[in-house]
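Peer 1: One file: coords-v1.cif (mmCIF, C-alpha atoms).
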data_my_file
loop_
_atom_site.label_atom_id
_atom_site.label_comp_id
_atom_site.auth_asym_id
_atom_site.auth_seq_id
_atom_site.Cartn_x
_atom_site.Cartn_y
_atom_site.Cartn_z
CA MET A 1 56.55 -31.59 37.09
CA LYS A 2 52.91 -32.70 37.45
CA GLY A 3 51.55 -29.34 38.58
CA SER A 4 47.85 -28.55 38.48
CA ALA A 5 45.23 -26.73 36.47
CA GLY A 6 45.46 -22.99 36.90
CA GLU A 7 49.23 -22.98 37.40
CA PRO A 8 50.87 -20.48 35.01
CA ILE A 9 53.68 -21.82 32.87
CA PRO A 10 56.83 -19.69 33.00
CA HIS A 11 57.49 -17.21 30.22
CA PRO A 12 60.24 -14.66 29.58
CA PHE A 13 58.14 -11.63 28.62
CA ARG A 14 58.06 -9.06 31.42
CA GLY A 15 55.93 -6.71 29.35
CA LEU A 16 53.16 -9.28 29.17
CA SER A 17 53.49 -9.98 32.89
CA LYS A 18 53.08 -6.25 33.53
CA LEU A 19 49.74 -6.49 31.70
CA GLU A 20 48.78 -9.48 33.90
CA VAL A 21 49.04 -11.99 31.05
CA GLU A 22 49.61 -15.55 32.23
CA PHE A 23 49.49 -18.80 30.26
CA ARG A 24 47.62 -20.98 32.75
CA ARG A 25 47.52 -24.74 32.55
CA GLY A 26 44.05 -26.13 31.97
CA GLU A 27 43.03 -23.12 29.85
CA LEU A 28 42.79 -22.21 26.17
CA SER A 29 44.32 -19.12 24.61
CA ILE A 30 44.19 -17.75 21.08
CA VAL A 31 46.93 -15.69 19.43
CA ALA A 32 45.57 -13.82 16.40
CA ALA A 33 47.39 -11.76 13.80
CA ALA A 34 47.72 -11.16 10.08
CA ALA A 35 49.69 -13.69 8.05
CA GLY A 36 53.44 -13.28 8.50
CA THR A 37 53.16 -10.98 11.51
CA GLY A 38 54.60 -13.30 14.16
CA LYS A 39 52.02 -15.69 15.62
CA SER A 40 54.25 -18.73 15.20
CA LEU A 41 57.28 -16.75 16.39
CA LEU A 42 55.56 -16.00 19.67
CA ALA A 43 54.58 -19.64 20.14
CA SER A 44 58.08 -20.89 19.25
CA ASN A 45 59.75 -18.44 21.60
CA LEU A 46 57.38 -19.38 24.39
CA ALA A 47 58.06 -23.10 23.86
CA VAL A 48 61.85 -22.81 23.55
CA GLN A 49 62.57 -20.07 26.08
CA SER A 50 60.17 -21.38 28.73
CA ASN A 51 61.59 -24.91 28.48
CA VAL A 52 58.42 -26.71 29.52
CA PRO A 53 57.12 -30.03 28.12
CA THR A 54 55.54 -29.01 24.82
CA LEU A 55 53.61 -30.65 21.99
CA TYR A 56 53.34 -28.50 18.87
CA TRP A 57 50.99 -29.25 15.96
CA SER A 58 52.70 -27.33 13.16
CA ALA A 59 50.24 -27.49 10.28
CA ASP A 60 51.42 -24.12 8.97
CA SER A 61 55.23 -24.60 8.98
CA ASN A 62 57.41 -27.50 7.87
CA ALA A 63 60.05 -29.39 9.85
CA ALA A 64 63.03 -27.47 8.44
CA THR A 65 61.45 -24.12 9.36
CA GLN A 66 60.64 -25.16 12.91
CA LEU A 67 63.99 -26.89 13.48
CA THR A 68 66.11 -23.97 12.29
CA ARG A 69 63.93 -21.41 14.10
CA ALA A 70 64.09 -23.31 17.40
CA THR A 71 67.84 -23.82 17.03
CA ALA A 72 68.42 -20.11 16.43
CA ILE A 73 66.30 -19.14 19.45
CA LEU A 74 68.11 -21.66 21.62
CA THR A 75 71.71 -20.98 20.54
CA GLY A 76 71.61 -17.32 19.48
CA ASP A 77 73.33 -18.22 16.21
CA ASP A 78 72.37 -16.63 12.91
CA ILE A 79 69.48 -18.57 11.37
CA ARG A 80 71.06 -18.18 7.94
CA ASP A 81 74.11 -20.13 9.13
CA ILE A 82 71.89 -22.77 10.69
CA LYS A 83 69.87 -23.21 7.47
CA LYS A 84 73.10 -23.53 5.49
CA ALA A 85 74.42 -26.15 7.91
CA LEU A 86 71.18 -28.12 7.59
CA ARG A 87 71.27 -27.98 3.77
CA GLU A 88 74.93 -29.06 3.67
CA ASP A 89 74.43 -31.90 6.15
CA ARG A 90 76.58 -30.19 8.80
CA PHE A 91 73.91 -29.96 11.49
CA ASP A 92 75.86 -32.20 13.90
CA ALA A 93 77.31 -29.12 15.58
CA TYR A 94 73.83 -28.13 16.78
CA GLU A 95 72.53 -31.52 17.87
CA GLN A 96 73.78 -31.24 21.45
CA ALA A 97 72.12 -27.85 21.89
CA VAL A 98 68.84 -29.05 20.37
CA SER A 99 68.86 -32.15 22.59
CA ARG A 100 68.45 -29.87 25.62
CA ARG A 101 64.83 -29.40 24.55
CA TRP A 102 64.13 -33.11 24.26
CA TRP A 103 60.55 -32.79 25.50
CA LEU A 104 59.61 -30.30 22.75
CA ARG A 105 57.91 -32.45 20.11
CA PHE A 106 56.25 -31.57 16.80
CA ASN A 107 53.61 -33.02 14.51
CA TYR A 108 53.75 -31.68 10.94
CA SER A 109 50.46 -33.01 9.58
CA ALA A 110 48.82 -30.38 7.36
CA ARG A 111 45.28 -31.22 8.58
CA PRO A 112 45.38 -32.95 11.98
CA THR A 113 42.05 -34.31 13.18
CA PRO A 114 40.90 -34.49 16.80
CA ALA A 115 41.67 -38.23 16.68
CA ASP A 116 45.23 -37.44 15.52
CA MET A 117 45.66 -34.94 18.34
CA GLU A 118 44.37 -37.34 20.97
CA ARG A 119 46.74 -40.03 19.70
CA ASP A 120 49.65 -37.59 19.91
CA LEU A 121 48.75 -36.56 23.46
CA GLU A 122 48.54 -40.17 24.62
CA SER A 123 51.81 -40.98 22.85
CA TYR A 124 53.46 -38.04 24.60
CA ARG A 125 52.22 -39.27 27.97
CA GLU A 126 53.39 -42.80 27.20
CA VAL A 127 56.91 -41.60 26.38
CA PHE A 128 57.37 -38.91 29.05
CA GLY A 129 54.96 -40.01 31.76
CA ILE A 130 53.06 -36.69 31.68
CA TYR A 131 50.91 -34.69 29.33
CA PRO A 132 52.58 -31.60 27.85
CA HIS A 133 52.34 -28.42 29.90
CA LEU A 134 52.02 -26.43 26.67
CA ALA A 135 50.16 -27.64 23.56
CA VAL A 136 50.24 -25.42 20.46
CA ALA A 137 47.80 -25.70 17.54
CA ASP A 138 49.23 -23.73 14.61
CA ASN A 139 46.79 -22.81 13.33
CA LEU A 140 43.14 -23.12 14.23
CA SER A 141 41.76 -23.08 10.67
CA ASP A 142 44.12 -25.91 9.64
CA LEU A 143 42.64 -28.35 12.16
CA ASP A 144 40.31 -30.81 10.48
CA GLY A 145 36.94 -30.44 12.14
CA GLY A 146 34.95 -31.92 9.26
CA ASP A 147 33.36 -30.65 6.07
CA VAL A 148 32.84 -26.90 5.65
CA LYS A 149 30.10 -26.07 3.15
CA ASP A 150 29.64 -22.32 3.64
CA ALA A 151 30.62 -19.32 5.76
CA GLU A 152 28.14 -20.19 8.50
CA SER A 153 29.41 -23.74 8.88
CA TYR A 154 32.98 -22.37 8.86
CA THR A 155 32.20 -20.07 11.79
CA PHE A 156 30.39 -22.78 13.77
CA GLY A 157 33.20 -25.19 12.96
CA LEU A 158 35.79 -22.83 14.43
CA GLU A 159 33.74 -22.35 17.59
CA GLY A 160 33.30 -26.09 17.92
CA MET A 161 37.04 -26.62 17.54
CA CYS A 162 37.64 -24.03 20.25
CA GLU A 163 35.31 -25.94 22.54
CA TYR A 164 37.21 -29.13 21.76
CA LEU A 165 40.59 -27.50 22.50
CA ASN A 166 39.21 -26.01 25.70
CA GLU A 167 38.11 -29.47 26.81
CA MET A 168 41.55 -30.79 25.86
CA ALA A 169 43.14 -28.20 28.14
CA ARG A 170 40.85 -29.15 31.04
CA GLU A 171 41.40 -32.89 30.62
CA THR A 172 45.19 -32.79 30.19
CA LYS A 173 45.91 -29.73 32.38
CA SER A 174 47.92 -28.32 29.49
CA HIS A 175 47.87 -24.72 28.42
CA VAL A 176 46.49 -25.03 24.89
CA MET A 177 47.43 -22.17 22.58
CA ALA A 178 45.83 -21.85 19.14
CA MET A 179 47.06 -19.53 16.40
CA HIS A 180 44.34 -17.81 14.37
CA HIS A 181 43.79 -15.34 11.52
CA VAL A 182 42.11 -11.93 11.48
CA VAL A 183 39.59 -10.26 9.20
CA GLY A 184 40.66 -8.42 6.06
CA GLU A 185 40.61 -4.96 7.62
CA TYR A 186 43.69 -5.94 9.65
CA ALA A 187 45.40 -8.05 6.98
CA ASP A 188 48.44 -5.76 6.69
CA GLY A 189 49.33 -6.34 10.34
CA LEU A 190 50.22 -2.69 10.92
CA LYS A 191 47.52 -1.50 13.32
CA PRO A 192 46.15 -2.71 16.66
CA ILE A 193 43.63 -5.53 16.31
CA PRO A 194 40.56 -5.49 18.57
CA GLN A 195 38.80 -8.56 19.87
CA SER A 196 36.21 -8.09 17.13
CA GLY A 197 38.95 -8.43 14.50
CA LEU A 198 39.29 -12.19 14.88
CA LYS A 199 38.16 -14.22 11.90
CA GLY A 200 35.05 -16.25 12.59
CA LYS A 201 34.28 -14.44 15.85
CA VAL A 202 35.70 -17.18 18.10
CA SER A 203 36.22 -15.10 21.22
CA ARG A 204 33.56 -16.73 23.45
CA VAL A 205 35.49 -19.81 24.57
CA PRO A 206 39.16 -18.89 25.21
CA SER A 207 40.24 -17.56 28.60
CA LEU A 208 42.93 -15.42 26.97
CA ILE A 209 43.12 -13.78 23.55
CA LEU A 210 46.22 -11.95 22.35
CA THR A 211 46.42 -10.02 19.09
CA ILE A 212 49.67 -8.97 17.44
CA HIS A 213 50.49 -6.07 15.16
CA LYS A 214 53.94 -5.02 13.98
CA GLU A 215 56.10 -1.94 13.54
CA ILE A 216 58.82 -2.08 10.90
CA ASP A 217 61.93 0.10 11.02
CA GLY A 218 64.24 -0.72 8.12
CA MET A 219 65.34 -4.12 6.80
CA ASP A 220 66.37 -5.78 10.05
CA SER A 221 64.32 -4.14 12.78
CA ARG A 222 60.81 -5.17 13.75
CA THR A 223 58.70 -4.72 16.85
CA LEU A 224 55.78 -7.00 17.68
CA ASN A 225 53.08 -5.39 19.80
CA VAL A 226 51.05 -7.95 21.76
CA SER A 227 47.61 -6.86 23.00
CA PRO A 228 45.54 -8.72 25.60
CA VAL A 229 42.07 -8.15 24.15
CA LYS A 230 40.46 -10.77 26.43
CA ASN A 231 41.82 -11.94 29.76
CA ARG A 232 39.61 -13.60 32.35
CA GLU A 233 42.39 -13.57 34.93
CA GLY A 234 43.74 -10.04 34.52
CA PHE A 235 43.93 -6.83 32.54
CA GLU A 236 42.27 -6.62 29.15
CA ASP A 237 41.60 -3.95 26.57
CA SER A 238 39.27 -5.23 23.87
CA SER A 239 40.27 -2.37 21.55
CA GLY A 240 43.82 -3.74 21.18
CA GLU A 241 45.25 -0.31 21.88
CA THR A 242 47.14 -1.43 25.01
CA PHE A 243 50.04 -3.74 24.31
CA ALA A 244 53.45 -5.06 25.34
CA SER A 245 56.21 -4.42 22.81
CA LEU A 246 58.66 -7.19 21.91
CA ASP A 247 61.81 -6.71 19.88
CA PHE A 248 62.24 -9.26 17.08
CA ASP A 249 65.84 -10.14 16.20
CA ARG A 250 65.63 -11.45 12.63
CA ARG A 251 69.08 -13.01 12.97
CA THR A 252 68.35 -15.21 16.00
CA MET A 253 64.52 -15.35 15.76
CA ARG A 254 64.39 -14.30 19.40
CA LEU A 255 61.66 -12.14 20.88
CA THR A 256 62.70 -10.03 23.86
CA ASP A 257 61.21 -7.16 25.84
CA MET A 258 61.93 -3.73 24.46
CA GLU A 259 64.87 -2.19 26.31
CA ALA A 260 63.08 1.16 26.43
CA GLU A 261 60.44 -0.42 28.68
CA PHE A 262 62.79 -2.52 30.80
CA GLY A 263 66.23 -0.88 30.63
#
Reformat the file's structure so that it appears as structure tokens.
Peer 2:
Amino acid sequence: MKGSAGEPIPHPFRGLSKLEVEFRRGELSIVAAAAGTGKSLLASNLAVQSNVPTLYWSADSNAATQLTRATAILTGDDIRDIKKALREDRFDAYEQAVSRRWWLRFNYSARPTPADMERDLESYREVFGIYPHLAVADNLSDLDGGDVKDAESYTFGLEGMCEYLNEMARETKSHVMAMHHVVGEYADGLKPIPQSGLKGKVSRVPSLILTIHKEIDGMDSRTLNVSPVKNREGFEDSSGETFASLDFDRRTMRLTDMEAEFG
């Protein structure tokens, strides 16, 4: 399981593979979208479905949210039933299934610092004998990079944090994925987001940048369109107009390729 830098971690999304998107170890990626669009869903599905050693800093979602989401993705059960079982202290039925992802670990600190993250990485290596193959920072603006006094220091702080995460990826040979927000023009999440739509203009450092916009069809149907707007190792379209479409099952929290593209 040691692998090497540059090795892509497995993922289940054929549409992204068709667009030459790979999540390579030793590199940093950013996933950017409007709030509530599906950034964390993509990261959770990647972590659970790929089944690789993963460390997830979940500053944006609490333990109950991540546990029930991961359990639904893993088992295919209705997340409403899983939440009810957790509330009523009947979660035992799911423990065996969840234990199959024993090397998926979370930190729920609301403002993790670089020192916190380094401690977590070393703790992970101490327990499992390896660094994680996938490390998720959810999200970039929640990481504590020091005092922010104005818009300029905010922008430079984000770029500095990207440089830190990029160095983390190189040193640990993990694929480091950071979630990030977009500017107000794309806040509704309903139209393709170009590379220039990222908040703070942090596109210089990452090897891969994906943006996500959604299509909604009724109460229970949603499509997430994932655009590679920067990709050093493959196809890119900085306009965001070229994308892979993923079907979102609100019942199971699973993301899967659209059947129309891969029937």
Peer 1: My list of candidates is A:Ile30, A:Asp77, A:Asn107, A:Ala63. Which is closest to Gln195 in chain A when distances are computed with only C-alpha atoms?
Peer 2: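 Answer, going by the shortest atom-to-atom distance: A:Ile30.
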Peer 1: Take the PyMOL selection byres ((chain A and resi 234) around 8), apply it to the structure above, and return the hits as a PyMOL selection string.
Peer 2: chain A and resi 19-21+231-233+235-236
Peer 1: At most 9 Å from (50.5, -26.7, 36.6), file frame, only C-alpha atoms: which residues, as a list in words?
Peer 2: Met1, Lys2, Gly3, Ser4, Ala5, Gly6, Glu7, Pro8, Ile9, Arg24, Arg25, Gly26, His133, Lys173, Ser174 and His175 of chain A
Peer 1: Would you mind listing what lies within 10 Å of His181 in chain A as a list in words, with only C-alpha atoms counted and same-chain residues fewer than 4 positions away left out?
Peer 2: Ile30, Val31, Ala32, Ala33, Ala34, Ala35, Lys39, Asn139, Leu140, Ser141, Tyr186, Ala187, Gly197, Leu198, Lys199, Gly200 and Thr211 of chain A
Peer 1: Quick one: which residues end up in the PyMOL selection byres ((chain A and resi 101) around 10) for this structure, as a ChimeraX atom specification?
Peer 2: /A:47-49,51-54,70-71,74,96-100,102-105
Peer 1: List as number ranges by chain the residues having at least one atom at most 7 Å from position (48.1, -19.8, 22.7) as given in the file, counting all atoms listed in the file.
Peer 2: A: 28-31, 43, 136, 176-179
Peer 1: Just want the 8 Å neighbourhood of Cys162 in chain A, counted on all atoms listed in the file, with same-chain residues fewer than 5 positions away dropped. Output as a PyMOL selection string.
Peer 2: chain A and resi 202+205-206
Peer 1: For Phe243 in chain A, find every residue with an atom within 9 Å (counting all atoms listed in the file), except residues of its own chain fewer than 2 positions away, and show them as a list in words.
Peer 2: Gly15, Leu16, Leu19, Pro192, Thr211, Ile212, Asn225, Val226, Ser227, Pro228, Asp237, Gly240, Glu241 and Ser245 of chain A
Peer 1: Go through A:Asp249, A:Tyr94, A:Leu55, A:Glu163 one by one, measure the shortest atom-to-atom distance of each to Thr68 in chain A using all atoms listed in the file, and give the residue with the smallest value.
Peer 2: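 For Thr68 in chain A, the nearest of the candidates is A:Tyr94.
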Peer 1: Expanded to explicit residues, what is the PyMOL selection byres ((chain A and resi 12) around 7) for this file, as a list in words?
Peer 2: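 Selection result, ordered by chain and number: Pro10, His11, Phe13, Arg14, Gln49 and Ser50 of chain A.
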Peer 1: Out of A:Arg69, A:Arg90, A:Phe128, A:Leu143, which residue has the shortest atom-to-atom distance to Leu165 in chain A when counting all atoms listed in the file?
Peer 2: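 Looking only at the distances to Leu165 in chain A, the closest residue turns out to be A:Leu143.
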Peer 1: Draw an axis-aligned box over all listed atoms of range 77-95 of chain A, pad each side with 6 Å, and write its centre and edge lengths in Å, one decimal, as lines of an AutoDock Vina configuration file.
Peer 2:
center_x = 73.4
center_y = -24.4
center_z = 10.8
size_x = 19.8
size_y = 27.6
size_z = 26.2
Peer 1: Between CA of Leu208 in chain A and CA of Lys230 in chain A, what is the spacing in Å?
Peer 2: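 According to the coordinates, CA of Lys230 in chain A and CA of Leu208 in chain A are separated by 5.3 Å.
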Peer 1: Which one of A:Thr242, A:Thr256, A:Asn62, A:Ser109 sits closest to Ser40 in chain A if you count only C-alpha atoms?
Peer 2: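 Checking each of A:Thr242, A:Thr256, A:Asn62, A:Ser109 against Ser40 in chain A, counting only C-alpha atoms, the winner is A:Asn62.
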